[in-house]
Amino acid sequence: VRPVLTPLAVGFGLAGVFMVGALLVRQIPVLEAQVAQVLNFADEGSLPLLVLITAFTGVAEELFFRGALYAAVPRHPVLWSTVAYVLATAATGNVMLAFAAGLLGLLCGLQRRASGGILAPILTHVSWSLSMLLVLPLLIA
């Protein structure tokens with residue numbers, strides 16, 4: 001039970017940090033617009049389907065970035081898997097998504113190194129992502 005609870009607590013804790021950050025971001029119109037751009041996708045479609053896609057995407061990203069890529073990098077895999085994740089996310093053109101990818105990627109990379117597996121990063125990523133989907137729209141409206 002404990003190996004599951006810790007990464008969930010980390011994911012929800014990081015989400016809490018982002019919620020506080022959202023209160024600050026609301027004061028900066030250009031950054032608020034970047035967040036709103038992402039949140040607009042949450043207004044389109046079925047919420048249960050969005051939850052499923054969000055969870056699946058978090059698992060898939062961790063399988064690749066903290067699974068396959070991390071294992072393939074011989075030196076500094078936390079650094080390089082995080083850089084790759086940020087670059088892939090930056091391709092969206094959204095500064096706030098790239099910033100989030102940097103923090104989440106680094107945290108999940110450190111979890112991968114500490115745990116030796118990908119379950120902890122997956123649980124952290126999915127709990128964080130679902131919190132962003134379900135709670136962040138309440139703060140940025």
# chains A, B, ... in the order shown; residues from 1 in each chain; ligands from 1
$ residues_around --residues "segment 26-38 of chain A" --least-positions-apart "6" --cutoff "10 Å" --atoms "only C-alpha atoms" --output "list in words"
Gly93, Asn94, Val95, Met96, Leu97, Leu133, Leu136, Pro137, Leu139, Ile140 and Ala141 of chain A
$ closest_atom_pairs --of "segment 14-37 of chain A" --to "segment 119-131 of chain A" --cutoff "12 Å" --atoms "only C-alpha atoms" --output "tab-separated table"
residue	atom	partner	partner_atom	distance
A:Leu14	CA	A:Trp128	CA	6.7
A:Ala15	CA	A:Trp128	CA	5.3
A:Gly16	CA	A:Ser131	CA	8.7
A:Val17	CA	A:Trp128	CA	10.4
A:Phe18	CA	A:Trp128	CA	9.3
A:Met19	CA	A:Ser131	CA	9.3
$ closest_residue --among "A:Thr92, A:Ser46, A:Gln111, A:Thr6" --to "Gly67 of chain A" --atoms "only C-alpha atoms"
A:Gln111
$ closest_residue --among "A:Pro77, A:Gly58, A:Phe12, A:Leu134" --to "Leu110 of chain A" --atoms "only C-alpha atoms"
A:Pro77
$ closest_residue --among "A:Gly45, A:Gly13, A:Gly116, A:Gly102" --to "Ala71 of chain A" --atoms "only C-alpha atoms"
A:Gly116
$ atom_distance --atom1 "atom CA of Leu87 of chain A" --atom2 "atom CA of Leu49 of chain A"
26.8 Å
$ atom_distance --atom1 "atom CA of Arg112 of chain A" --atom2 "atom CA of Met132 of chain A"
21.8 Å
$ closest_residue --among "A:Ile118, A:Ala101, A:Val135, A:Cys108" --to "Ala84 of chain A" --atoms "only C-alpha atoms"
A:Ala101
